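S.K.: Sharing my_file_5.txt here; it has compact mmCIF, C-alpha atoms.
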# COMPACT_ATOMS: atom_id res chain seq x y z
CA MET A 1 14.20 -10.40 14.92
CA ARG A 2 15.08 -12.62 17.87
CA PHE A 3 13.38 -15.74 16.46
CA LEU A 4 15.07 -15.13 13.12
CA VAL A 5 18.52 -14.86 14.67
CA SER A 6 18.52 -17.59 17.26
CA GLY A 7 15.22 -19.38 17.13
CA GLY A 8 16.35 -22.21 14.89
CA PRO A 9 14.27 -24.04 12.28
CA GLU A 10 11.62 -25.15 14.78
CA ALA A 11 10.98 -21.63 16.00
CA ILE A 12 10.85 -20.36 12.43
CA ALA A 13 8.42 -23.13 11.51
CA ARG A 14 6.20 -22.10 14.44
CA ALA A 15 6.39 -18.52 13.25
CA ARG A 16 5.09 -19.34 9.78
CA ALA A 17 1.41 -18.77 10.55
CA PRO A 18 1.77 -15.33 12.16
CA VAL A 19 4.29 -14.29 9.52
CA ARG A 20 1.86 -15.26 6.75
CA VAL A 21 -0.85 -13.15 8.36
CA LEU A 22 1.59 -10.29 8.80
CA LEU A 23 2.49 -10.51 5.13
CA VAL A 24 -1.20 -10.34 4.16
CA PHE A 25 -1.49 -7.14 6.17
CA GLY A 26 1.75 -5.83 4.64
CA ALA A 27 0.30 -6.42 1.19
CA LEU A 28 -2.94 -4.73 2.22
CA ALA A 29 -1.02 -1.74 3.55
CA LEU A 30 0.79 -1.41 0.23
CA ALA A 31 -2.48 -1.74 -1.69
CA ALA A 32 -4.13 0.90 0.51
CA LEU A 33 -1.16 3.22 0.05
CA ALA A 34 -1.37 2.75 -3.71
CA ALA A 35 -5.13 3.43 -3.65
CA GLN A 36 -4.54 6.57 -1.60
CA ARG A 37 -1.97 7.77 -4.11
CA VAL A 38 -4.28 7.01 -7.03
CA LEU A 39 -7.08 9.01 -5.40
CA GLN A 40 -4.65 11.91 -4.94
CA GLY A 41 -3.75 11.68 -8.61
CA GLY A 42 -0.34 10.34 -7.66
CA LEU A 43 0.08 8.03 -10.64
CA SER A 44 0.26 10.77 -13.24
CA PRO A 45 2.70 13.70 -13.36
CA ALA A 46 -0.17 16.15 -13.84
CA GLY A 47 -2.03 14.70 -10.86
CA VAL A 48 1.04 15.00 -8.65
CA GLU A 49 1.58 18.60 -9.72
CA ALA A 50 -2.08 19.42 -9.12
CA HIS A 51 -1.81 17.96 -5.63
CA TYR A 52 1.33 19.80 -4.59
CA LEU A 53 1.10 22.95 -6.70
CA ALA A 54 -2.64 23.50 -6.63
CA VAL A 55 -3.64 26.75 -8.38
CA GLY A 56 -0.18 28.22 -8.13
CA GLN A 57 -0.17 27.83 -4.36
CA PRO A 58 2.36 25.21 -3.30
CA MET A 59 1.52 22.95 -0.40
CA PRO A 60 2.96 24.41 2.85
CA ALA A 61 6.25 23.00 4.09
CA ALA A 62 4.64 21.79 7.32
CA ALA A 63 2.23 19.61 5.33
CA LEU A 64 5.14 18.16 3.36
CA TRP A 65 7.02 17.36 6.57
CA GLU A 66 3.92 15.69 7.99
CA GLU A 67 3.90 13.41 4.95
CA VAL A 68 7.58 12.65 5.52
CA HIS A 69 6.98 11.96 9.22
CA ALA A 70 4.10 9.56 8.68
CA GLY A 71 5.70 7.96 5.64
CA ALA A 72 8.99 7.38 7.44
CA PHE A 73 7.17 5.26 10.01
CA LEU A 74 5.33 3.23 7.39
CA TYR A 75 8.24 2.72 5.03
CA GLY A 76 10.84 2.32 7.77
CA PHE A 77 8.92 -0.28 9.70
CA LEU A 78 7.76 -2.23 6.66
CA LEU A 79 11.26 -2.30 5.25
CA PHE A 80 12.81 -3.38 8.55
CA VAL A 81 10.35 -6.23 9.09
CA LEU A 82 10.20 -7.46 5.50
CA ALA A 83 13.95 -7.27 4.91
CA SER A 84 14.57 -9.12 8.19
CA LEU A 85 12.22 -11.88 7.07
CA LEU A 86 14.08 -12.15 3.77
CA VAL A 87 17.26 -13.00 5.66
CA VAL A 88 15.85 -16.47 6.32
CA SER A 89 14.62 -16.90 2.75
CA PRO A 90 16.47 -18.85 0.07
CA VAL A 91 17.28 -15.63 -1.80
CA PRO A 92 21.05 -15.19 -2.24
CA ALA A 93 22.60 -12.50 -0.05
CA ARG A 94 23.61 -10.32 -3.01
CA ALA A 95 20.12 -10.31 -4.47
CA ARG A 96 18.68 -9.57 -1.03
CA THR A 97 21.07 -6.67 -0.54
CA ALA A 98 20.30 -5.29 -3.98
CA LEU A 99 16.55 -5.49 -3.37
CA LEU A 100 16.90 -3.80 0.00
CA ALA A 101 19.11 -1.07 -1.48
CA VAL A 102 16.59 -0.35 -4.23
CA ALA A 103 13.73 -0.29 -1.71
CA PHE A 104 15.63 1.94 0.72
CA VAL A 105 16.68 4.51 -1.89
CA ALA A 106 13.26 4.46 -3.60
CA THR A 107 11.26 4.88 -0.38
CA LEU A 108 13.53 7.67 0.84
CA ALA A 109 13.30 9.39 -2.55
CA ASP A 110 9.52 8.97 -2.49
CA LEU A 111 9.32 10.74 0.87
CA PHE A 112 11.34 13.73 -0.27
CA ALA A 113 10.25 13.95 -3.93
CA PRO A 114 7.42 16.43 -3.15
CA PHE A 115 10.04 18.96 -2.01
CA ALA A 116 11.70 18.66 -5.42
CA VAL A 117 8.35 19.00 -7.21
CA ILE A 118 7.59 22.20 -5.34
CA ALA A 119 11.12 23.59 -5.72
CA ALA A 120 11.03 22.93 -9.46
CA GLY A 121 7.44 24.03 -9.88
CA GLY A 122 6.76 20.81 -11.75
CA GLY A 123 8.36 17.46 -12.49
CA GLY A 124 5.52 15.39 -11.09
CA GLY A 125 6.90 12.43 -12.99
CA LEU A 126 9.63 12.14 -10.37
CA ARG A 127 7.08 11.34 -7.65
CA VAL A 128 5.32 8.86 -9.90
CA ALA A 129 8.62 7.11 -10.57
CA THR A 130 9.72 7.03 -6.93
CA PHE A 131 6.36 5.66 -5.82
CA VAL A 132 6.22 2.96 -8.48
CA LEU A 133 9.78 1.93 -7.61
CA ALA A 134 9.20 2.05 -3.85
CA ALA A 135 5.91 0.17 -3.95
CA GLY A 136 7.34 -2.34 -6.42
CA ALA A 137 10.40 -3.02 -4.27
CA LEU A 138 8.32 -3.43 -1.12
CA ALA A 139 5.85 -5.66 -2.98
CA ALA A 140 8.79 -7.78 -4.12
CA HIS A 141 9.87 -8.12 -0.49
CA VAL A 142 6.36 -9.27 0.46
CA ALA A 143 6.22 -11.72 -2.44
CA VAL A 144 9.60 -13.29 -1.70
CA ALA A 145 8.83 -13.54 2.01
CA ALA A 146 5.46 -15.09 1.16
CA VAL A 147 7.15 -17.74 -0.97
CA ALA A 148 9.71 -18.47 1.77
CA PHE A 149 7.21 -18.61 4.61
CA GLY A 150 4.38 -20.04 2.57
CA ARG A 151 6.03 -23.41 2.18
CA ASN A 152 5.31 -26.00 4.83
CA GLY A 153 8.33 -27.79 6.22
CA GLY A 154 11.40 -27.87 4.07
CA ASN A 155 13.74 -26.65 6.75
CA GLY A 156 17.19 -27.53 5.66
CA GLY A 157 18.59 -27.11 9.16
CA ASN A 158 20.00 -23.83 10.14
CA GLY A 159 23.61 -24.84 10.15
CA ARG A 160 24.22 -22.52 13.05
CA GLY A 161 27.39 -23.08 14.96
CA MET B 1 29.50 -6.25 15.53
CA VAL B 2 28.98 -7.89 18.91
CA ASP B 3 27.22 -11.04 17.72
CA PRO B 4 28.24 -12.42 14.30
CA ARG B 5 24.81 -14.03 13.93
CA LEU B 6 23.49 -10.51 13.43
CA THR B 7 25.61 -9.94 10.32
CA PRO B 8 22.86 -10.96 7.84
CA PHE B 9 20.60 -8.34 9.43
CA ARG B 10 23.01 -5.49 8.77
CA GLY B 11 21.06 -4.05 5.84
CA PRO B 12 17.60 -4.07 7.47
CA ALA B 13 18.98 -2.66 10.73
CA LEU B 14 20.90 0.15 9.05
CA ALA B 15 17.86 1.06 6.94
CA PHE B 16 15.79 1.12 10.11
CA ALA B 17 18.39 3.33 11.83
CA ALA B 18 18.29 5.75 8.91
CA TYR B 19 14.50 5.90 9.10
CA LEU B 20 14.69 6.53 12.85
CA ALA B 21 16.84 9.56 12.05
CA VAL B 22 14.34 10.71 9.39
CA GLN B 23 11.51 10.37 11.91
CA ALA B 24 13.45 12.34 14.52
CA GLY B 25 14.42 15.02 11.99
CA SER B 26 10.93 15.45 10.56
CA ALA B 27 9.46 15.53 14.08
CA ALA B 28 11.88 18.31 15.05
CA VAL B 29 10.95 20.38 11.99
CA LEU B 30 7.23 19.89 12.63
CA PHE B 31 7.53 20.67 16.33
CA ALA B 32 9.50 23.86 15.73
CA SER B 33 7.25 25.07 12.92
CA LYS B 34 3.91 24.25 14.55
CA LEU B 35 4.38 24.37 18.32
CA GLY B 36 7.41 26.65 18.56
CA THR B 37 10.54 26.46 20.63
CA THR B 38 9.62 28.28 23.86
CA PRO B 39 7.13 27.42 26.60
CA GLY B 40 5.11 30.51 25.68
CA GLN B 41 4.78 29.46 22.06
CA VAL B 42 3.86 25.91 23.06
CA ALA B 43 1.18 27.14 25.48
CA GLU B 44 -0.18 29.45 22.78
CA PHE B 45 -0.36 26.56 20.32
CA TYR B 46 -2.62 24.62 22.68
CA LEU B 47 -4.61 27.49 24.18
CA GLY B 48 -5.03 29.55 21.03
CA SER B 49 -4.44 33.26 20.59
CA GLU B 50 -6.90 36.04 19.94
CA GLU B 51 -4.15 38.18 18.43
CA ARG B 52 -3.34 35.49 15.87
CA PHE B 53 -6.94 34.36 15.42
CA ALA B 54 -5.90 30.87 16.48
CA ALA B 55 -8.53 28.67 18.16
CA PRO B 56 -7.68 26.52 21.19
CA ARG B 57 -6.99 22.87 20.42
CA SER B 58 -10.08 20.71 20.77
CA LEU B 59 -10.12 17.34 22.50
CA PRO B 60 -10.82 15.50 19.20
CA GLY B 61 -7.93 17.40 17.63
CA LEU B 62 -5.56 16.38 20.43
CA LEU B 63 -6.72 12.77 20.25
CA GLU B 64 -6.23 12.74 16.49
CA VAL B 65 -2.52 13.34 17.11
CA ALA B 66 -2.22 11.27 20.28
CA VAL B 67 -3.80 8.01 19.09
CA PRO B 68 -1.40 7.21 16.21
CA HIS B 69 1.55 8.30 18.34
CA LEU B 70 0.48 6.01 21.18
CA LEU B 71 0.89 3.10 18.79
CA ALA B 72 3.74 4.20 16.55
CA VAL B 73 6.21 5.60 19.08
CA PRO B 74 6.25 2.61 21.47
CA LEU B 75 6.39 0.23 18.51
CA VAL B 76 9.43 1.98 17.04
CA LEU B 77 11.14 2.20 20.43
CA PHE B 78 10.38 -1.45 21.13
CA ALA B 79 11.85 -2.56 17.81
CA ALA B 80 15.01 -0.50 18.25
CA ALA B 81 15.47 -1.53 21.88
CA HIS B 82 14.82 -5.16 20.99
CA VAL B 83 17.70 -5.24 18.51
CA VAL B 84 20.10 -3.18 20.62
CA GLY B 85 19.27 -5.30 23.66
CA TYR B 86 19.82 -8.52 21.73
CA ALA B 87 23.23 -7.30 20.59
CA ARG B 88 24.11 -6.38 24.18
CA ALA B 89 25.62 -3.17 22.89
CA LEU B 90 24.96 -1.37 26.18
CA GLY B 91 25.53 -2.29 29.80
CA ARG B 92 22.40 -3.17 31.74
CA ARG B 93 22.24 0.17 33.54
CA GLY B 94 22.75 2.17 30.38
CA PHE B 95 20.18 0.10 28.53
CA VAL B 96 17.58 0.51 31.26
CA ALA B 97 18.32 4.25 31.51
CA LEU B 98 17.86 4.71 27.78
CA LEU B 99 14.67 2.64 27.84
CA ALA B 100 13.29 4.68 30.72
CA THR B 101 14.21 7.96 29.05
CA SER B 102 12.68 6.87 25.74
CA PHE B 103 9.37 5.55 26.97
CA GLY B 104 9.12 8.14 29.75
CA SER B 105 9.67 11.00 27.31
CA ALA B 106 7.17 9.53 24.87
CA ALA B 107 4.49 9.18 27.53
CA ALA B 108 5.19 12.60 29.03
CA GLY B 109 5.18 14.23 25.61
CA ILE B 110 1.81 12.80 24.68
CA ALA B 111 0.30 13.60 28.07
CA ALA B 112 1.76 17.11 28.16
CA GLY B 113 -0.41 18.32 25.29
CA PHE B 114 -3.56 17.43 27.21
CA LEU B 115 -2.14 18.83 30.44
CA VAL B 116 -1.23 22.18 28.88
CA ARG B 117 -4.63 22.50 27.25
CA PHE B 118 -6.88 21.33 30.08
CA VAL B 119 -4.92 21.41 33.36
CA ALA B 120 -2.05 23.86 33.59
CA PRO B 121 -0.58 25.97 30.76
CA GLU B 122 2.55 26.32 32.89
CA LEU B 123 3.36 22.72 31.98
CA ALA B 124 4.37 23.80 28.49
CA TRP B 125 7.98 23.35 29.56
CA LEU B 126 7.21 19.65 30.12
CA LYS B 127 6.21 19.31 26.47
CA LEU B 128 9.52 20.85 25.42
CA VAL B 129 11.62 18.72 27.79
CA ALA B 130 9.77 15.53 26.86
CA PHE B 131 10.15 16.23 23.16
CA ALA B 132 13.87 16.92 23.56
CA GLY B 133 14.22 13.69 25.55
CA LEU B 134 12.40 11.64 22.93
CA GLU B 135 14.42 13.18 20.10
CA ALA B 136 17.68 12.47 21.92
CA SER B 137 16.52 8.91 22.60
CA LEU B 138 15.56 8.26 18.98
CA LEU B 139 18.93 9.54 17.83
CA ALA B 140 20.67 7.46 20.49
CA TRP B 141 18.89 4.27 19.35
CA ALA B 142 19.71 5.11 15.73
CA GLY B 143 23.34 5.78 16.68
CA LEU B 144 23.57 2.51 18.59
CA LEU B 145 22.09 0.55 15.69
CA PHE B 146 24.59 2.22 13.40
CA ALA B 147 27.46 1.47 15.78
CA ILE B 148 26.41 -2.18 16.05
CA PHE B 149 25.78 -2.84 12.38
CA ALA B 150 27.99 -0.43 10.42
CA PRO B 151 30.80 -2.29 8.69
CA PHE B 152 33.36 0.46 9.29
CA GLY B 153 36.46 -0.70 11.09
CA GLU B 154 35.28 -4.26 11.19
CA ARG B 155 37.94 -6.77 10.31
CA SER B 156 37.08 -9.46 7.85
CA ARG B 157 35.49 -12.38 9.67
CA GLY B 158 35.17 -14.57 6.63
CA SER B 159 31.74 -15.34 5.26
CA ALA B 160 28.63 -14.50 7.21
CA PRO B 161 27.25 -17.27 9.38
CA GLN B 162 24.84 -19.45 7.50
CA GLY B 163 22.53 -20.04 10.42
CA ALA B 164 19.73 -17.61 9.88
CA GLY B 165 19.98 -17.57 6.13
CA ALA B 166 19.74 -21.33 5.79
CA ALA B 167 16.76 -21.85 8.02
CA LEU B 168 14.14 -21.94 5.28
CA ARG B 169 16.24 -23.41 2.53
Turn this file's structure into structure tokens for me.
M.R.:
Amino acid sequence: MRFLVSGGPEAIARARAPVRVLLVFGALALAALAAQRVLQGGLSPAGVEAHYLAVGQPMPAAALWEEVHAGAFLYGFLLFVLASLLVVSPVPARARTALLAVAFVATLADLFAPFAVIAAGGGGGLRVATFVLAAGALAAHVAVAAVAFGRNGGNGGNGRG
Amino acid sequence: MVDPRLTPFRGPALAFAAYLAVQAGSAAVLFASKLGTTPGQVAEFYLGSEERFAAPRSLPGLLEVAVPHLLAVPLVLFAAAHVVGYARALGRRGFVALLATSFGSAAAGIAAGFLVRFVAPELAWLKLVAFAGLEASLLAWAGLLFAIFAPFGERSRGSAPQGAGAALR
């Protein structure tokens, strides 16, 4: 965050290359997460229910909390880094805030949706929806950051007082 | 907010603080449900129990937990400390003390599992103390981020500085 806050246009220009690589890995992480969900049947309500409510035996709470624990690291870190990069993008502040709000709520809902699926004994569509929304919002962050950091030059001065 | 240049980063920092709290909360639930809350329960988790038909933890099993934590925990602490340190929200002594507690607890917690299993089961208390220290540290970092970035009680300063936001325009 330091180079974003006080580095100035030159520092940000120098950061373009590593940021681009980081964004490639961010996109790969999202793609891998999506593939993992697909393999678990996570893109269909029936698949989600089969995963969490297999043969009438719900997944143990400890396993659900392990998913939350690992997911909180992935989502939390990705969101923090990507949303910080968006601060120096040309996206208006309101749009940025809205995108971050959607991503934050969707990722948090995605982490805790399995508890709702198990409590309700169904409703796998909720997890599908939260994942599509969460992955979409994070992918939008990656795309916007890629556009902002993909351009060479074009620094309009940082206008910092 | 200490430094107005941080204003544009309010959203990302608050989201990160919330996720720190989720990580701390989920870790507490997992620790209590899997390892237990007393030194005896912790030692039993690592050494196994004939009465409960629980096998001792294997070295590959311990490493499977330790390796991702050796990357993730320092990374999270570094990111949180980086922002809090930049904002100068704590005095130098307090900042260093919190850093030492955080990283020390993380290291001790990871090492304690191996120590209980292979060196001295009596060190189960170390696992508990280290975990409590890390949990308190995570919550402290999250609380500090919230205190720095939350808009509550902040008087209007006019529009946010354009510095960071204009850099790539």
S.K.: Kindly provide the residues of chain B that approach chain A to within 10 Å, each paired with its closest atom pair and their distance in Å to one decimal, based on only C-alpha atoms, listed by chain and increasing number, as CSV.
M.R.:
residue,atom,partner,partner_atom,distance
B:Asp3,CA,A:Val5,CA,10.0
B:Arg5,CA,A:Val5,CA,6.4
B:Leu6,CA,A:Val5,CA,6.7
B:Thr7,CA,A:Val5,CA,9.7
B:Pro8,CA,A:Val87,CA,6.3
B:Phe9,CA,A:Ser84,CA,6.2
B:Arg10,CA,A:Ser84,CA,9.2
B:Gly11,CA,A:Thr97,CA,6.9
B:Pro12,CA,A:Phe80,CA,5.0
B:Ala13,CA,A:Phe80,CA,6.6
B:Leu14,CA,A:Phe80,CA,8.8
B:Ala15,CA,A:Phe104,CA,6.7
B:Phe16,CA,A:Gly76,CA,5.6
B:Ala17,CA,A:Gly76,CA,8.6
B:Ala18,CA,A:Gly76,CA,8.3
B:Tyr19,CA,A:Gly76,CA,5.3
B:Leu20,CA,A:Gly76,CA,7.6
B:Ala21,CA,A:Ala72,CA,9.4
B:Val22,CA,A:Ala72,CA,6.6
B:Gln23,CA,A:His69,CA,5.5
B:Ala24,CA,A:His69,CA,8.4
B:Gly25,CA,A:His69,CA,8.5
B:Ser26,CA,A:His69,CA,5.4
B:Ala27,CA,A:His69,CA,6.5
B:Ala28,CA,A:Trp65,CA,9.8
B:Val29,CA,A:Trp65,CA,7.3
B:Leu30,CA,A:Ala62,CA,6.2
B:Phe31,CA,A:Ala62,CA,9.5
B:Ala32,CA,A:Ala62,CA,9.9
B:Ser33,CA,A:Ala62,CA,7.0
B:Lys34,CA,A:Ala62,CA,7.7
B:Pro68,CA,A:Ala70,CA,9.6
B:Ala72,CA,A:Phe73,CA,7.5
B:Val73,CA,A:Phe73,CA,9.1
B:Leu75,CA,A:Phe77,CA,9.2
B:Val76,CA,A:Phe77,CA,7.7
B:Ala79,CA,A:Met1,CA,8.7
B:His82,CA,A:Met1,CA,8.0
B:Val83,CA,A:Met1,CA,7.2
B:Tyr86,CA,A:Arg2,CA,7.4
B:Ala160,CA,A:Ala93,CA,9.6
B:Pro161,CA,A:Arg160,CA,7.1
B:Gln162,CA,A:Gly159,CA,6.1
B:Gly163,CA,A:Arg160,CA,4.0
B:Ala164,CA,A:Val88,CA,5.4
B:Gly165,CA,A:Val88,CA,4.3
B:Ala166,CA,A:Asn158,CA,5.0
B:Ala167,CA,A:Asn158,CA,4.3
B:Leu168,CA,A:Asn155,CA,5.0
B:Arg169,CA,A:Pro90,CA,5.2
S.K.: Excluding B:Ser58 and its own-chain neighbours fewer than 5 positions away, which residues fall within 10 Å of it when counting all atoms listed in the file? Please give them as a ChimeraX atom specification.
M.R.: /B:46-47,63-64,114,117-118
S.K.: Between A:Ala113, A:Met59, A:Ala35, A:Val142, single out the one closest to A:Val128, counting only C-alpha atoms.
M.R.: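 Counting only C-alpha atoms, the residue closest to A:Val128 is A:Ala113.
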S.K.: Counting only C-alpha atoms, which residue out of B:Ala107, B:Val96, B:Leu62, B:Val42 sits closest to B:Trp125?
M.R.: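 Distance minimum relative to B:Trp125 lands on B:Val42.
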S.K.: Show me, as lines of an AutoDock Vina configuration file, the centre and edge lengths in Å to one decimal of the axis-aligned box that covers every listed atom of stretch 43-48 of chain A with 4 Å on each side.
M.R.:
center_x = 0.3
center_y = 12.1
center_z = -11.2
size_x = 12.7
size_y = 16.1
size_z = 13.2
S.K.: To one decimal place in Å, what is the distance between atom CA of B:Ala106 and atom CA of B:Leu134?
M.R.: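 Interatomic distance, atom CA of B:Ala106 to atom CA of B:Leu134: 6.0 Å.
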S.K.: To one decimal in Å, tell me the separation between atom CA of A:Gly124 and atom CA of A:Thr107.
M.R.: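 Computing it gives 16.1 Å between the two atoms.
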S.K.: One number please: atom CA of B:Ala87 to atom CA of A:Ala15, in Å, one decimal.
M.R.: 21.5 Å
S.K.: With all atoms listed in the file counted, which protein, DNA or RNA residues have an atom no more than 9 Å from (0.6, 25.0, 22.5) in the file frame? Please answer as a list of chain:residue names.
M.R.: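 Answer for this query, in the requested form: B:Lys34, B:Leu35, B:Gly36, B:Pro39, B:Gly40, B:Gln41, B:Val42, B:Ala43, B:Glu44, B:Phe45, B:Tyr46, B:Leu47, B:Gly48, B:Pro56, B:Arg57, B:Gly113, B:Val116, B:Arg117, B:Pro121, B:Ala124, B:Lys127.
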S.K.: For A:Leu99, please output as a ChimeraX atom specification all residues within 9 Å (counting only C-alpha atoms; exclusion window: fewer than 6 positions along the same chain).
M.R.: /A:83,137-138,140-141
S.K.: Could those selected residues go to a file with C-alpha atoms, as a PDB file, in the coordinates of the input?
M.R.:
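Okay, selection-v4.pdb is ready:
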ATOM      1  CA  ALA A  83      13.950  -7.270   4.910  1.00  0.00           C
ATOM      2  CA  ALA A 137      10.400  -3.020  -4.270  1.00  0.00           C
ATOM      3  CA  LEU A 138       8.320  -3.430  -1.120  1.00  0.00           C
ATOM      4  CA  ALA A 140       8.790  -7.780  -4.120  1.00  0.00           C
ATOM      5  CA  HIS A 141       9.870  -8.120  -0.490  1.00  0.00           C
TER       6      HIS A 141
END
S.K.: So, counting all atoms listed in the file, which residue among B:Pro60, B:Arg93, B:Ser102, B:Val65 is closest to B:Trp141?
M.R.: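 Nearest to B:Trp141: B:Ser102.
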S.K.: Could you check the closest approach to B:Ala111 for each of B:Val84, B:Ala54, B:Leu139, B:Val67 and tell me which residue wins, using only C-alpha atoms?
M.R.: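 Of all the options, B:Val67 lies closest to B:Ala111.
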S.K.: Find, counting only C-alpha atoms, the residue in B:Ala142, B:Ile148, B:Ala55, B:Leu126 that gets nearest to B:Gly104.
M.R.: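 Smallest separation from B:Gly104 among the options: B:Leu126.
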S.K.: Since the input lacks atoms, please generate N, CA and C atoms for stretch 11-28 of chain B and provide them as a tab-separated table (two decimals), in the frame of the given file.
M.R.:
chain	number	residue	atom	x	y	z
B	11	GLY	N	21.80	-4.94	6.74
B	11	GLY	CA	21.06	-4.05	5.84
B	11	GLY	C	19.74	-3.57	6.44
B	12	PRO	N	18.87	-4.51	6.88
B	12	PRO	CA	17.60	-4.07	7.47
B	12	PRO	C	17.80	-3.16	8.68
B	13	ALA	N	18.78	-3.47	9.52
B	13	ALA	CA	18.98	-2.66	10.73
B	13	ALA	C	19.49	-1.26	10.39
B	14	LEU	N	20.39	-1.17	9.42
B	14	LEU	CA	20.90	0.15	9.05
B	14	LEU	C	19.80	0.99	8.37
B	15	ALA	N	18.98	0.33	7.56
B	15	ALA	CA	17.86	1.06	6.94
B	15	ALA	C	16.91	1.57	8.02
B	16	PHE	N	16.67	0.72	9.01
B	16	PHE	CA	15.79	1.12	10.11
B	16	PHE	C	16.40	2.29	10.89
B	17	ALA	N	17.71	2.23	11.12
B	17	ALA	CA	18.39	3.33	11.83
B	17	ALA	C	18.26	4.64	11.05
B	18	ALA	N	18.41	4.54	9.73
B	18	ALA	CA	18.29	5.75	8.91
B	18	ALA	C	16.87	6.31	9.01
B	19	TYR	N	15.89	5.43	9.00
B	19	TYR	CA	14.50	5.90	9.10
B	19	TYR	C	14.18	6.46	10.49
B	20	LEU	N	14.85	5.93	11.51
B	20	LEU	CA	14.69	6.53	12.85
B	20	LEU	C	15.17	7.98	12.82
B	21	ALA	N	16.30	8.20	12.15
B	21	ALA	CA	16.84	9.56	12.05
B	21	ALA	C	15.89	10.46	11.25
B	22	VAL	N	15.30	9.91	10.19
B	22	VAL	CA	14.34	10.71	9.39
B	22	VAL	C	13.12	11.07	10.25
B	23	GLN	N	12.66	10.10	11.03
B	23	GLN	CA	11.51	10.37	11.91
B	23	GLN	C	11.85	11.45	12.93
B	24	ALA	N	13.05	11.35	13.52
B	24	ALA	CA	13.45	12.34	14.52
B	24	ALA	C	13.60	13.72	13.86
B	25	GLY	N	14.21	13.75	12.68
B	25	GLY	CA	14.42	15.02	11.99
B	25	GLY	C	13.11	15.68	11.59
B	26	SER	N	12.21	14.87	11.00
B	26	SER	CA	10.93	15.45	10.56
B	26	SER	C	10.09	15.88	11.76
B	27	ALA	N	10.19	15.14	12.87
B	27	ALA	CA	9.46	15.53	14.08
B	27	ALA	C	9.98	16.87	14.60
B	28	ALA	N	11.29	17.06	14.55
B	28	ALA	CA	11.88	18.31	15.05
B	28	ALA	C	11.41	19.50	14.20
